[in-house]
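Colleague: Contents of query-v7.txt (compact mmCIF, C-alpha atoms) are given next:
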```
# COMPACT_ATOMS: atom_id res chain seq x y z
CA MET A 1 220.51 -87.54 -49.27
CA THR A 2 222.94 -85.72 -51.57
CA GLU A 3 221.84 -83.88 -54.64
CA THR A 4 223.20 -86.33 -57.17
CA ASP A 5 221.93 -89.39 -55.34
CA THR A 6 218.61 -89.33 -57.15
CA GLY A 7 218.75 -92.77 -58.68
CA GLY A 8 215.96 -94.30 -56.62
CA ARG A 9 212.97 -92.84 -58.41
CA VAL A 10 214.19 -91.86 -61.87
CA ALA A 11 214.63 -95.59 -62.48
CA GLY A 12 212.26 -97.31 -64.91
CA ARG A 13 214.08 -96.49 -68.15
CA ALA A 14 217.40 -96.00 -66.42
CA ARG A 15 217.38 -99.42 -64.83
CA LYS A 16 218.37 -101.00 -68.14
CA ARG A 17 221.55 -98.92 -68.39
CA ARG A 18 225.01 -99.53 -66.97
CA PRO A 19 225.96 -97.75 -63.71
CA ASP A 20 228.16 -95.30 -65.70
CA GLY A 21 225.24 -94.22 -67.82
CA GLU A 22 223.10 -93.92 -64.70
CA ARG A 23 225.60 -91.67 -62.96
CA SER A 24 226.00 -89.57 -66.05
CA ARG A 25 222.24 -89.24 -66.46
CA ASN A 26 221.90 -88.08 -62.85
CA ALA A 27 224.67 -85.50 -63.28
CA ILE A 28 223.01 -84.17 -66.43
CA LEU A 29 219.63 -83.92 -64.73
CA GLY A 30 221.12 -82.15 -61.70
CA GLU A 31 222.45 -79.50 -64.08
CA ALA A 32 219.09 -79.38 -65.87
CA VAL A 33 217.34 -78.62 -62.55
CA ARG A 34 219.81 -75.81 -61.85
CA LEU A 35 219.45 -74.33 -65.34
CA THR A 36 215.65 -74.48 -65.13
CA THR A 37 215.64 -72.16 -62.12
CA ILE A 38 217.57 -69.60 -64.21
CA GLU A 39 216.36 -69.94 -67.79
CA GLY A 40 212.99 -71.57 -67.21
CA ILE A 41 212.07 -75.06 -68.36
CA GLU A 42 211.00 -73.79 -71.78
CA GLY A 43 214.48 -72.30 -72.11
CA LEU A 44 215.99 -75.71 -71.37
CA SER A 45 217.22 -77.18 -74.65
CA ILE A 46 219.16 -80.35 -75.39
CA SER A 47 221.86 -78.29 -77.11
CA GLY A 48 222.11 -75.73 -74.27
CA LEU A 49 222.29 -78.52 -71.71
CA ALA A 50 224.92 -80.36 -73.80
CA ASP A 51 227.10 -77.22 -73.64
CA ALA A 52 226.59 -76.86 -69.88
CA VAL A 53 227.62 -80.46 -69.10
CA GLY A 54 230.32 -80.69 -71.80
CA MET A 55 228.67 -83.45 -73.82
CA SER A 56 227.76 -83.74 -77.46
CA LYS A 57 224.18 -83.07 -78.51
CA SER A 58 223.97 -86.61 -79.90
CA GLY A 59 225.27 -87.95 -76.56
CA LEU A 60 222.38 -86.20 -74.81
CA PHE A 61 219.88 -87.52 -77.33
CA ALA A 62 220.94 -91.00 -76.22
CA HIS A 63 219.60 -90.08 -72.77
CA PHE A 64 216.51 -88.07 -73.78
CA GLY A 65 214.69 -88.50 -77.03
CA SER A 66 212.86 -85.17 -76.97
CA LYS A 67 212.67 -81.84 -75.21
CA GLU A 68 209.50 -82.92 -73.40
CA GLU A 69 211.14 -86.12 -72.20
CA LEU A 70 214.05 -84.01 -70.89
CA GLN A 71 211.62 -81.61 -69.16
CA LEU A 72 209.72 -84.42 -67.47
CA ALA A 73 212.92 -86.18 -66.36
CA THR A 74 214.14 -82.84 -64.96
CA PHE A 75 210.89 -82.42 -63.05
CA GLU A 76 211.16 -85.94 -61.68
CA THR A 77 214.75 -85.31 -60.54
CA ALA A 78 213.75 -82.12 -58.72
CA SER A 79 210.86 -84.02 -57.10
CA VAL A 80 213.27 -86.62 -55.76
CA MET A 81 215.58 -83.87 -54.42
CA PHE A 82 212.62 -82.21 -52.72
CA ALA A 83 211.50 -85.49 -51.17
CA GLU A 84 215.02 -86.17 -49.91
CA GLN A 85 215.79 -82.67 -48.65
CA VAL A 86 212.42 -81.37 -47.44
CA VAL A 87 209.84 -84.11 -46.89
CA GLU A 88 211.71 -87.20 -45.73
CA PRO A 89 213.90 -85.56 -43.05
CA ALA A 90 210.67 -84.27 -41.44
CA SER A 91 208.92 -87.64 -41.49
CA SER A 92 210.88 -89.09 -38.58
CA SER A 93 209.71 -86.39 -36.16
CA PRO A 94 207.37 -88.01 -33.65
CA THR A 95 204.63 -85.34 -33.56
CA GLY A 96 202.62 -83.47 -36.17
CA HIS A 97 203.57 -80.15 -34.59
CA GLU A 98 207.27 -80.98 -34.85
CA ARG A 99 206.88 -82.33 -38.41
CA LEU A 100 205.23 -79.05 -39.41
CA ARG A 101 208.12 -77.03 -38.00
CA GLN A 102 210.58 -79.37 -39.71
CA LEU A 103 208.85 -78.99 -43.09
CA VAL A 104 209.06 -75.21 -42.69
CA GLU A 105 212.76 -75.25 -41.75
CA ASN A 106 213.64 -77.74 -44.49
CA TYR A 107 211.83 -75.66 -47.09
CA LEU A 108 213.61 -72.49 -45.95
CA ARG A 109 216.91 -74.37 -46.33
CA TRP A 110 215.83 -75.74 -49.74
CA ILE A 111 215.28 -72.26 -51.23
CA GLN A 112 218.79 -71.25 -50.13
CA GLY A 113 220.36 -74.29 -51.82
CA PRO A 114 222.60 -74.32 -54.88
CA ASN A 115 219.95 -73.30 -57.43
CA PRO A 116 220.31 -69.57 -58.29
CA GLY A 117 216.58 -69.34 -58.94
CA GLY A 118 215.55 -70.69 -55.51
CA CYS A 119 212.73 -73.22 -55.31
CA PHE A 120 212.52 -75.19 -58.56
CA PHE A 121 208.76 -75.66 -58.18
CA ALA A 122 207.92 -72.01 -57.45
CA SER A 123 209.98 -71.01 -60.47
CA LEU A 124 208.34 -73.62 -62.67
CA ALA A 125 204.80 -72.89 -61.45
CA ALA A 126 205.13 -69.22 -62.39
CA GLU A 127 206.48 -70.10 -65.82
CA MET A 128 204.00 -72.84 -66.69
CA ASP A 129 200.77 -71.58 -65.07
CA THR A 130 199.32 -70.50 -68.42
CA ARG A 131 200.94 -73.19 -70.65
CA PRO A 132 198.77 -76.31 -70.81
CA GLY A 133 200.54 -79.65 -71.06
CA PRO A 134 202.08 -82.45 -69.02
CA VAL A 135 204.70 -80.24 -67.32
CA ARG A 136 202.04 -77.77 -66.12
CA ASP A 137 199.87 -80.69 -64.94
CA ARG A 138 202.73 -82.06 -62.87
CA VAL A 139 203.66 -78.76 -61.24
CA VAL A 140 200.02 -78.00 -60.39
CA GLN A 141 199.75 -81.47 -58.88
CA PHE A 142 202.97 -80.89 -56.94
CA THR A 143 201.56 -77.66 -55.45
CA ILE A 144 198.29 -79.35 -54.50
CA GLU A 145 200.14 -82.22 -52.81
CA TRP A 146 202.45 -79.86 -50.91
CA LEU A 147 199.49 -77.86 -49.57
CA GLU A 148 197.73 -81.12 -48.67
CA ARG A 149 200.85 -82.31 -46.85
CA LEU A 150 200.90 -79.13 -44.77
CA GLU A 151 197.17 -79.49 -44.10
CA THR A 152 197.46 -83.15 -43.07
CA THR A 153 200.31 -82.28 -40.74
CA VAL A 154 198.16 -79.56 -39.15
CA ARG A 155 195.40 -82.16 -38.65
CA ASP A 156 197.93 -84.50 -37.00
CA ALA A 157 198.93 -81.68 -34.65
CA GLN A 158 195.26 -81.05 -33.88
CA ALA A 159 194.72 -84.74 -33.09
CA GLU A 160 197.64 -84.50 -30.63
CA GLY A 161 196.16 -81.40 -29.00
CA ALA A 162 199.01 -79.13 -30.15
CA ILE A 163 196.79 -77.00 -32.42
CA ASP A 164 193.32 -75.87 -31.43
CA PRO A 165 190.50 -77.90 -33.06
CA SER A 166 188.72 -74.66 -34.03
CA GLN A 167 191.50 -73.86 -36.53
CA ASP A 168 190.75 -74.56 -40.21
CA PRO A 169 193.65 -76.80 -41.33
CA ALA A 170 193.45 -75.73 -44.99
CA GLN A 171 193.46 -72.06 -43.99
CA LEU A 172 196.45 -72.57 -41.71
CA ALA A 173 198.27 -74.50 -44.47
CA PHE A 174 197.60 -71.60 -46.86
CA GLU A 175 199.08 -69.11 -44.40
CA VAL A 176 202.20 -71.20 -43.74
CA GLU A 177 202.76 -71.66 -47.47
CA ALA A 178 202.14 -67.94 -48.14
CA SER A 179 205.09 -66.97 -45.97
CA LEU A 180 207.32 -69.66 -47.48
CA PHE A 181 206.37 -68.71 -51.02
CA LEU A 182 207.09 -65.00 -50.55
CA ALA A 183 210.33 -65.77 -48.68
CA ASN A 184 211.53 -67.71 -51.74
CA ALA A 185 210.64 -64.94 -54.21
CA LEU A 186 212.29 -62.19 -52.14
CA PHE A 187 215.35 -64.30 -51.25
CA VAL A 188 216.06 -65.02 -54.93
CA VAL A 189 216.27 -61.32 -55.81
CA SER A 190 217.94 -60.09 -52.61
CA ARG A 191 220.08 -63.12 -51.53
CA ASP A 192 219.37 -61.70 -48.09
CA GLN A 193 218.26 -63.51 -44.91
CA THR A 194 215.61 -60.93 -44.03
CA PRO A 195 212.68 -62.52 -45.91
CA VAL A 196 213.66 -65.96 -44.59
CA GLU A 197 213.58 -64.61 -41.03
CA ARG A 198 210.30 -62.81 -41.62
CA ALA A 199 208.72 -66.03 -42.88
CA ARG A 200 210.01 -67.99 -39.89
CA HIS A 201 208.75 -65.33 -37.48
CA ALA A 202 205.33 -65.13 -39.19
CA ILE A 203 204.86 -68.90 -39.04
CA GLU A 204 206.03 -69.22 -35.42
CA THR A 205 203.67 -66.45 -34.34
CA ARG A 206 200.81 -67.99 -36.33
CA LEU A 207 201.35 -71.44 -34.82
CA ALA A 208 201.60 -69.96 -31.33
CA ALA A 209 198.26 -68.20 -31.89
CA ALA A 210 196.77 -71.51 -33.07
CA SER A 211 197.79 -73.40 -29.95
CA PRO A 212 194.96 -74.51 -27.66
CA THR A 213 196.28 -72.62 -24.62
CA PRO A 214 197.75 -69.32 -25.79
CA SER A 215 200.66 -68.29 -23.60
CA MET B 1 190.46 -45.47 -64.80
CA THR B 2 189.91 -47.85 -67.70
CA GLU B 3 192.57 -50.17 -68.97
CA THR B 4 193.30 -48.37 -72.18
CA ASP B 5 193.36 -44.92 -70.61
CA THR B 6 197.05 -45.10 -69.84
CA GLY B 7 198.18 -42.03 -71.75
CA GLY B 8 199.17 -39.96 -68.72
CA ARG B 9 202.50 -41.53 -67.90
CA VAL B 10 203.66 -43.22 -71.08
CA ALA B 11 203.99 -39.71 -72.53
CA GLY B 12 207.49 -38.38 -73.23
CA ARG B 13 208.08 -39.97 -76.63
CA ALA B 14 204.38 -40.29 -77.34
CA ARG B 15 203.69 -36.61 -76.81
CA LYS B 16 205.13 -35.85 -80.24
CA ARG B 17 202.64 -38.11 -81.99
CA ARG B 18 199.12 -37.45 -83.22
CA PRO B 19 196.20 -38.63 -81.03
CA ASP B 20 195.58 -41.55 -83.44
CA GLY B 21 199.11 -42.82 -82.94
CA GLU B 22 198.76 -42.37 -79.20
CA ARG B 23 195.54 -44.39 -79.04
CA SER B 24 197.04 -47.05 -81.23
CA ARG B 25 200.17 -47.20 -79.07
CA ASN B 26 198.07 -47.63 -75.93
CA ALA B 27 196.01 -50.42 -77.51
CA ILE B 28 199.19 -52.22 -78.58
CA LEU B 29 200.70 -51.91 -75.10
CA GLY B 30 197.51 -53.14 -73.44
CA GLU B 31 197.79 -56.29 -75.55
CA ALA B 32 201.51 -56.52 -74.74
CA VAL B 33 200.70 -56.50 -71.00
CA ARG B 34 198.16 -59.29 -71.49
CA LEU B 35 200.55 -61.39 -73.60
CA THR B 36 203.36 -60.95 -71.07
CA THR B 37 201.29 -62.64 -68.35
CA ILE B 38 200.93 -65.67 -70.65
CA GLU B 39 204.14 -65.95 -72.64
CA GLY B 40 206.51 -64.01 -70.39
CA ILE B 41 208.20 -60.76 -71.35
CA GLU B 42 211.11 -62.59 -72.97
CA GLY B 43 208.52 -64.35 -75.13
CA LEU B 44 207.13 -60.97 -76.20
CA SER B 45 208.35 -60.25 -79.71
CA ILE B 46 207.55 -57.43 -82.11
CA SER B 47 206.41 -59.96 -84.72
CA GLY B 48 204.24 -61.93 -82.24
CA LEU B 49 202.67 -58.72 -80.97
CA ALA B 50 202.10 -57.52 -84.56
CA ASP B 51 200.11 -60.71 -85.21
CA ALA B 52 198.10 -60.28 -82.00
CA VAL B 53 197.07 -56.68 -82.75
CA GLY B 54 196.72 -57.18 -86.52
CA MET B 55 199.45 -54.75 -87.53
CA SER B 56 202.48 -55.12 -89.76
CA LYS B 57 205.85 -55.73 -88.16
CA SER B 58 207.14 -52.51 -89.74
CA GLY B 59 204.13 -50.65 -88.31
CA LEU B 60 205.12 -51.82 -84.84
CA PHE B 61 208.73 -50.83 -85.41
CA ALA B 62 207.46 -47.28 -85.91
CA HIS B 63 206.26 -47.44 -82.31
CA PHE B 64 209.12 -49.39 -80.72
CA GLY B 65 212.64 -49.45 -82.07
CA SER B 66 213.77 -52.59 -80.24
CA LYS B 67 212.55 -55.51 -78.16
CA GLU B 68 213.94 -53.87 -75.01
CA GLU B 69 212.12 -50.62 -75.76
CA LEU B 70 208.91 -52.63 -76.21
CA GLN B 71 209.52 -54.48 -72.92
CA LEU B 72 210.12 -51.27 -70.99
CA ALA B 73 207.06 -49.56 -72.53
CA THR B 74 205.00 -52.64 -71.60
CA PHE B 75 206.28 -52.46 -68.04
CA GLU B 76 205.45 -48.76 -67.84
CA THR B 77 201.93 -49.41 -69.16
CA ALA B 78 201.31 -52.10 -66.54
CA SER B 79 202.65 -49.73 -63.85
CA VAL B 80 200.12 -47.09 -64.88
CA MET B 81 197.30 -49.68 -64.81
CA PHE B 82 198.39 -50.79 -61.34
CA ALA B 83 198.51 -47.19 -60.11
CA GLU B 84 195.04 -46.52 -61.53
CA GLN B 85 193.40 -49.76 -60.39
CA VAL B 86 195.13 -50.55 -57.10
CA VAL B 87 196.98 -47.60 -55.59
CA GLU B 88 195.02 -44.47 -56.49
CA PRO B 89 191.51 -45.71 -55.55
CA ALA B 90 192.89 -46.43 -52.05
CA SER B 91 194.52 -43.03 -51.63
CA SER B 92 191.28 -41.19 -50.98
CA SER B 93 190.45 -43.28 -47.90
CA PRO B 94 190.79 -41.03 -44.85
CA THR B 95 192.64 -43.44 -42.54
CA GLY B 96 195.70 -45.63 -42.86
CA HIS B 97 193.75 -48.64 -41.62
CA GLU B 98 191.13 -48.14 -44.33
CA ARG B 99 193.80 -47.48 -47.02
CA LEU B 100 195.44 -50.77 -46.08
CA ARG B 101 192.17 -52.67 -46.45
CA GLN B 102 191.53 -50.89 -49.75
CA LEU B 103 194.97 -51.79 -51.11
CA VAL B 104 194.28 -55.43 -50.21
CA GLU B 105 190.85 -55.46 -51.86
CA ASN B 106 192.07 -53.62 -54.96
CA TYR B 107 194.97 -56.03 -55.35
CA LEU B 108 192.65 -59.05 -55.01
CA ARG B 109 190.48 -57.50 -57.75
CA TRP B 110 193.56 -56.77 -59.90
CA ILE B 111 194.67 -60.40 -59.97
CA GLN B 112 191.21 -61.42 -61.18
CA GLY B 113 191.29 -58.89 -64.02
CA PRO B 114 191.49 -59.63 -67.75
CA ASN B 115 195.10 -60.93 -67.79
CA PRO B 116 195.08 -64.75 -67.94
CA GLY B 117 198.36 -64.87 -66.02
CA GLY B 118 197.08 -62.80 -63.08
CA CYS B 119 199.29 -60.08 -61.62
CA PHE B 120 201.65 -58.77 -64.31
CA PHE B 121 204.35 -57.97 -61.74
CA ALA B 122 204.27 -61.33 -59.95
CA SER B 123 204.52 -63.05 -63.32
CA LEU B 124 207.36 -60.80 -64.44
CA ALA B 125 209.27 -61.03 -61.15
CA ALA B 126 209.35 -64.83 -61.34
CA GLU B 127 210.54 -64.73 -64.94
CA MET B 128 213.21 -62.04 -64.55
CA ASP B 129 214.58 -62.74 -61.05
CA THR B 130 217.74 -64.35 -62.43
CA ARG B 131 218.09 -62.27 -65.65
CA PRO B 132 220.10 -59.08 -65.00
CA GLY B 133 219.12 -55.98 -66.96
CA PRO B 134 216.84 -52.96 -66.95
CA VAL B 135 213.58 -54.99 -66.90
CA ARG B 136 214.70 -56.97 -63.84
CA ASP B 137 215.83 -53.73 -62.16
CA ARG B 138 212.40 -52.20 -62.66
CA VAL B 139 210.43 -55.18 -61.39
CA VAL B 140 212.65 -55.51 -58.31
CA GLN B 141 212.16 -51.78 -57.67
CA PHE B 142 208.41 -52.20 -58.14
CA THR B 143 208.31 -54.98 -55.52
CA ILE B 144 210.35 -52.91 -53.05
CA GLU B 145 208.05 -49.91 -53.51
CA TRP B 146 204.91 -52.02 -53.09
CA LEU B 147 206.21 -53.51 -49.83
CA GLU B 148 207.22 -50.01 -48.68
CA ARG B 149 203.75 -48.72 -49.51
CA LEU B 150 202.16 -51.42 -47.37
CA GLU B 151 204.66 -50.68 -44.58
CA THR B 152 204.04 -46.91 -44.71
CA THR B 153 200.30 -47.52 -44.59
CA VAL B 154 200.76 -49.73 -41.52
CA ARG B 155 202.76 -46.88 -39.90
CA ASP B 156 199.94 -44.45 -40.71
CA ALA B 157 197.48 -46.84 -39.04
CA GLN B 158 199.78 -47.05 -36.01
CA ALA B 159 199.96 -43.25 -35.79
CA GLU B 160 196.16 -43.20 -35.73
CA GLY B 161 196.03 -45.82 -32.98
CA ALA B 162 194.39 -48.44 -35.22
CA ILE B 163 197.38 -50.83 -35.10
CA ASP B 164 199.37 -51.50 -31.96
CA PRO B 165 202.70 -49.62 -31.78
CA SER B 166 204.47 -52.86 -30.77
CA GLN B 167 203.85 -54.33 -34.24
CA ASP B 168 206.82 -54.30 -36.64
CA PRO B 169 205.43 -52.54 -39.76
CA ALA B 170 207.83 -54.27 -42.17
CA GLN B 171 206.93 -57.67 -40.72
CA LEU B 172 203.22 -56.94 -41.00
CA ALA B 173 203.68 -55.71 -44.60
CA PHE B 174 205.51 -58.97 -45.41
CA GLU B 175 202.64 -61.03 -44.01
CA VAL B 176 199.96 -59.08 -45.89
CA GLU B 177 201.91 -59.39 -49.13
CA ALA B 178 202.57 -63.11 -48.53
CA SER B 179 198.83 -63.86 -48.58
CA LEU B 180 198.26 -61.66 -51.64
CA PHE B 181 201.18 -63.21 -53.51
CA LEU B 182 200.05 -66.80 -52.88
CA ALA B 183 196.43 -65.92 -53.69
CA ASN B 184 197.57 -64.70 -57.11
CA ALA B 185 199.63 -67.82 -57.86
CA LEU B 186 196.85 -70.22 -56.84
CA PHE B 187 194.08 -68.21 -58.51
CA VAL B 188 195.91 -68.27 -61.85
CA VAL B 189 196.05 -72.06 -61.92
CA SER B 190 192.64 -72.77 -60.35
CA ARG B 191 190.53 -69.74 -61.48
CA ASP B 192 188.80 -70.41 -58.18
CA GLN B 193 187.78 -67.95 -55.45
CA THR B 194 189.08 -70.12 -52.61
CA PRO B 195 192.64 -68.73 -52.47
CA VAL B 196 191.28 -65.18 -52.76
CA GLU B 197 189.00 -65.81 -49.79
CA ARG B 198 191.78 -67.45 -47.79
CA ALA B 199 194.03 -64.43 -48.36
CA ARG B 200 191.27 -62.02 -47.32
CA HIS B 201 190.53 -64.07 -44.20
CA ALA B 202 194.24 -64.36 -43.28
CA ILE B 203 194.78 -60.61 -43.60
CA GLU B 204 191.61 -59.67 -41.70
CA THR B 205 192.56 -62.01 -38.85
CA ARG B 206 196.12 -60.69 -38.82
CA LEU B 207 195.00 -57.06 -38.72
CA ALA B 208 192.49 -57.84 -35.97
CA ALA B 209 195.30 -59.45 -33.94
CA ALA B 210 197.43 -56.34 -34.52
CA SER B 211 194.79 -53.93 -33.20
CA PRO B 212 195.61 -52.21 -29.90
CA THR B 213 192.52 -53.53 -28.09
CA PRO B 214 191.82 -57.07 -29.31
CA SER B 215 188.13 -57.74 -29.30
```
Starting from the coordinates I provided, produce the structure as structure tokens.
Modeller:
Amino acid sequence: MTETDTGGRVAGRARKRRPDGERSRNAILGEAVRLTTIEGIEGLSISGLADAVGMSKSGLFAHFGSKEELQLATFETASVMFAEQVVEPASSSPTGHERLRQLVENYLRWIQGPNPGGCFFASLAAEMDTRPGPVRDRVVQFTIEWLERLETTVRDAQAEGAIDPSQDPAQLAFEVEASLFLANALFVVSRDQTPVERARHAIETRLAAASPTPS
Amino acid sequence: MTETDTGGRVAGRARKRRPDGERSRNAILGEAVRLTTIEGIEGLSISGLADAVGMSKSGLFAHFGSKEELQLATFETASVMFAEQVVEPASSSPTGHERLRQLVENYLRWIQGPNPGGCFFASLAAEMDTRPGPVRDRVVQFTIEWLERLETTVRDAQAEGAIDPSQDPAQLAFEVEASLFLANALFVVSRDQTPVERARHAIETRLAAASPTPS
């Protein structure tokens, strides 16, 4: 559940290495995620990253053969962090309604984490939206899956009777994500709680209005 | 009201030049705005722009002495376009409620304009949020002023009795902007009307819920 404990899903290649190399690779990729939220993923270079983690450029080449390989490994690391910090802690909640609230709270915590540029994926999506290639494909896919996760969770809450069946789940997912997405953008420039609170308030009010028996 | 007719507020320096130079400068800056939404403003270089507009690098240096001067002139050009296409057409509406709806519609048209990267300011804000300097200062200021404009328009609608006085205008402005901001991001990657329609629907429903006598 910690930031550096991302071994589980970056395996594959890494599995052949010794534990020392594995730990080192994870530390490098944690720094690469942080740097991406500041400089952008196109600004991420093997030499710049080598400086940031105090390694030689050739040492980093032993981990990543190319800039694209480094970018994709960085994306994968951020995906594991997101799964661990946002998605998985919500999955144990017994109801769809509660899982939805948990996803919202976990995301609002995620954007206030250690990365100066807030949400890695929002930052990356804005940078890559007009740059075709495998990194753009992955971040577009990530966004689609996140919206689908919100939508599915709304459907679960409808099946439980916690959200009115007349509500369009995709529309409600869009509105929840809209508040989260703007909260991230405004928090990054202001480092102020106000947009986070506005997002929380907007979503709570919206979910209350979507309940089958409005109070 | 057209894209290239941006002479009014980029004046100052330009006023000393002949009309030919002025037209040429405006054409160059229009291209610079477009390129910024694709490559980012840090990716905007005098030599890259010279290629795009078919001018010599030295010819462009006659217009802009430095990369920062080019960036700031590009920002100013986009600001004039935004004023002409989004803000000013709404200002003639007689009521605050109608001005608010006009701002929303004009913004949704703006993001579907000729720039491949959608809203210039959303693109720039994501790029510059963690890069201190005069360009970041301007885009942060732009965002603050846009949110304040929405908030002031909500207050006008409240004064007219079209929005309930119990509504928090800053909160309502946040929610309107949240839908617009996400619509832009999703439209850029999908080139699909769905997010635009979801934003419109979300805002209409929200404004209906904020009316003093819910129908």
Colleague: Go through chain B residue by residue and, counting all atoms listed in the file, keep those with an atom at most 10 Å from chain A; for each kept residue give the shortest atom pair and its distance in Å to one decimal, ordered by chain and increasing number, as JSON lines.
Modeller:
```
{"residue": "B:Thr37", "atom": "CA", "partner": "A:Thr130", "partner_atom": "CA", "distance": 8.1}
{"residue": "B:Ile38", "atom": "CA", "partner": "A:Thr130", "partner_atom": "CA", "distance": 5.6}
{"residue": "B:Glu39", "atom": "CA", "partner": "A:Thr130", "partner_atom": "CA", "distance": 7.9}
{"residue": "B:Gly40", "atom": "CA", "partner": "A:Glu127", "partner_atom": "CA", "distance": 7.6}
{"residue": "B:Pro116", "atom": "CA", "partner": "A:Thr130", "partner_atom": "CA", "distance": 7.2}
{"residue": "B:Gly117", "atom": "CA", "partner": "A:Thr130", "partner_atom": "CA", "distance": 6.2}
{"residue": "B:Gly118", "atom": "CA", "partner": "A:Thr130", "partner_atom": "CA", "distance": 9.6}
{"residue": "B:Ala122", "atom": "CA", "partner": "A:Ala126", "partner_atom": "CA", "distance": 8.3}
{"residue": "B:Ser123", "atom": "CA", "partner": "A:Ala126", "partner_atom": "CA", "distance": 6.3}
{"residue": "B:Leu124", "atom": "CA", "partner": "A:Ala126", "partner_atom": "CA", "distance": 8.9}
{"residue": "B:Ala125", "atom": "CA", "partner": "A:Ala185", "partner_atom": "CA", "distance": 8.1}
{"residue": "B:Ala126", "atom": "CA", "partner": "A:Ala126", "partner_atom": "CA", "distance": 6.2}
{"residue": "B:Glu127", "atom": "CA", "partner": "A:Glu127", "partner_atom": "CA", "distance": 6.8}
{"residue": "B:Met128", "atom": "CA", "partner": "A:Ile38", "partner_atom": "CA", "distance": 8.7}
{"residue": "B:Asp129", "atom": "CA", "partner": "A:Val189", "partner_atom": "CA", "distance": 5.7}
{"residue": "B:Thr130", "atom": "CA", "partner": "A:Ile38", "partner_atom": "CA", "distance": 5.5}
{"residue": "B:Arg131", "atom": "CA", "partner": "A:Ile38", "partner_atom": "CA", "distance": 7.5}
{"residue": "B:Arg136", "atom": "CA", "partner": "A:Val189", "partner_atom": "CA", "distance": 9.3}
{"residue": "B:Asp137", "atom": "CA", "partner": "A:Val189", "partner_atom": "CA", "distance": 9.9}
{"residue": "B:Val140", "atom": "CA", "partner": "A:Val189", "partner_atom": "CA", "distance": 7.3}
{"residue": "B:Thr143", "atom": "CA", "partner": "A:Leu186", "partner_atom": "CA", "distance": 8.9}
{"residue": "B:Ile144", "atom": "CA", "partner": "A:Leu186", "partner_atom": "CA", "distance": 9.5}
{"residue": "B:Ala170", "atom": "CA", "partner": "A:Arg198", "partner_atom": "CA", "distance": 8.9}
{"residue": "B:Gln171", "atom": "CA", "partner": "A:Arg198", "partner_atom": "CA", "distance": 6.2}
{"residue": "B:Leu172", "atom": "CA", "partner": "A:Ala202", "partner_atom": "CA", "distance": 8.6}
{"residue": "B:Phe174", "atom": "CA", "partner": "A:Arg198", "partner_atom": "CA", "distance": 7.2}
{"residue": "B:Glu175", "atom": "CA", "partner": "A:Ser179", "partner_atom": "CA", "distance": 6.7}
{"residue": "B:Val176", "atom": "CA", "partner": "A:Ala178", "partner_atom": "CA", "distance": 9.4}
{"residue": "B:Glu177", "atom": "CA", "partner": "A:Leu182", "partner_atom": "CA", "distance": 7.8}
{"residue": "B:Ala178", "atom": "CA", "partner": "A:Ala178", "partner_atom": "CA", "distance": 4.9}
{"residue": "B:Ser179", "atom": "CA", "partner": "A:Ala178", "partner_atom": "CA", "distance": 5.3}
{"residue": "B:Leu180", "atom": "CA", "partner": "A:Ala178", "partner_atom": "CA", "distance": 8.2}
{"residue": "B:Phe181", "atom": "CA", "partner": "A:Leu182", "partner_atom": "CA", "distance": 6.8}
{"residue": "B:Leu182", "atom": "CA", "partner": "A:Ala178", "partner_atom": "CA", "distance": 5.3}
{"residue": "B:Ala183", "atom": "CA", "partner": "A:Ala178", "partner_atom": "CA", "distance": 8.2}
{"residue": "B:Ala185", "atom": "CA", "partner": "A:Ala126", "partner_atom": "CA", "distance": 7.3}
{"residue": "B:Leu186", "atom": "CA", "partner": "A:Thr143", "partner_atom": "CA", "distance": 8.9}
{"residue": "B:Phe187", "atom": "CA", "partner": "A:Asp129", "partner_atom": "CA", "distance": 10.0}
{"residue": "B:Val188", "atom": "CA", "partner": "A:Asp129", "partner_atom": "CA", "distance": 6.7}
{"residue": "B:Val189", "atom": "CA", "partner": "A:Asp129", "partner_atom": "CA", "distance": 5.7}
{"residue": "B:Ser190", "atom": "CA", "partner": "A:Val140", "partner_atom": "CA", "distance": 9.0}
{"residue": "B:Thr194", "atom": "CA", "partner": "A:Gln171", "partner_atom": "CA", "distance": 9.9}
{"residue": "B:Pro195", "atom": "CA", "partner": "A:Phe174", "partner_atom": "CA", "distance": 8.0}
{"residue": "B:Glu197", "atom": "CA", "partner": "A:Gln171", "partner_atom": "CA", "distance": 9.6}
{"residue": "B:Arg198", "atom": "CA", "partner": "A:Gln171", "partner_atom": "CA", "distance": 6.2}
{"residue": "B:Ala199", "atom": "CA", "partner": "A:Glu175", "partner_atom": "CA", "distance": 7.9}
{"residue": "B:His201", "atom": "CA", "partner": "A:Gln171", "partner_atom": "CA", "distance": 8.5}
{"residue": "B:Ala202", "atom": "CA", "partner": "A:Glu175", "partner_atom": "CA", "distance": 6.9}
{"residue": "B:Ile203", "atom": "CA", "partner": "A:Glu175", "partner_atom": "CA", "distance": 9.6}
{"residue": "B:Arg206", "atom": "CA", "partner": "A:Arg206", "partner_atom": "CA", "distance": 9.0}
{"residue": "B:Ala209", "atom": "CA", "partner": "A:Ala209", "partner_atom": "CA", "distance": 9.5}
```
Colleague: Go ahead and compute the interatomic distance for CA of Ala208 (chain B) and CA of Arg109 (chain B), in Å to one decimal.
Modeller: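 Pair CA of Ala208 (chain B) / CA of Arg109 (chain B) returns 21.9 Å.
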Colleague: With distances taken over all atoms listed in the file, which of B:Thr153, B:Thr205, B:Gln85, B:Gln112 is nearest to Glu98 (chain B)?
Modeller: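 Smallest separation from Glu98 (chain B) among the options: B:Thr153.
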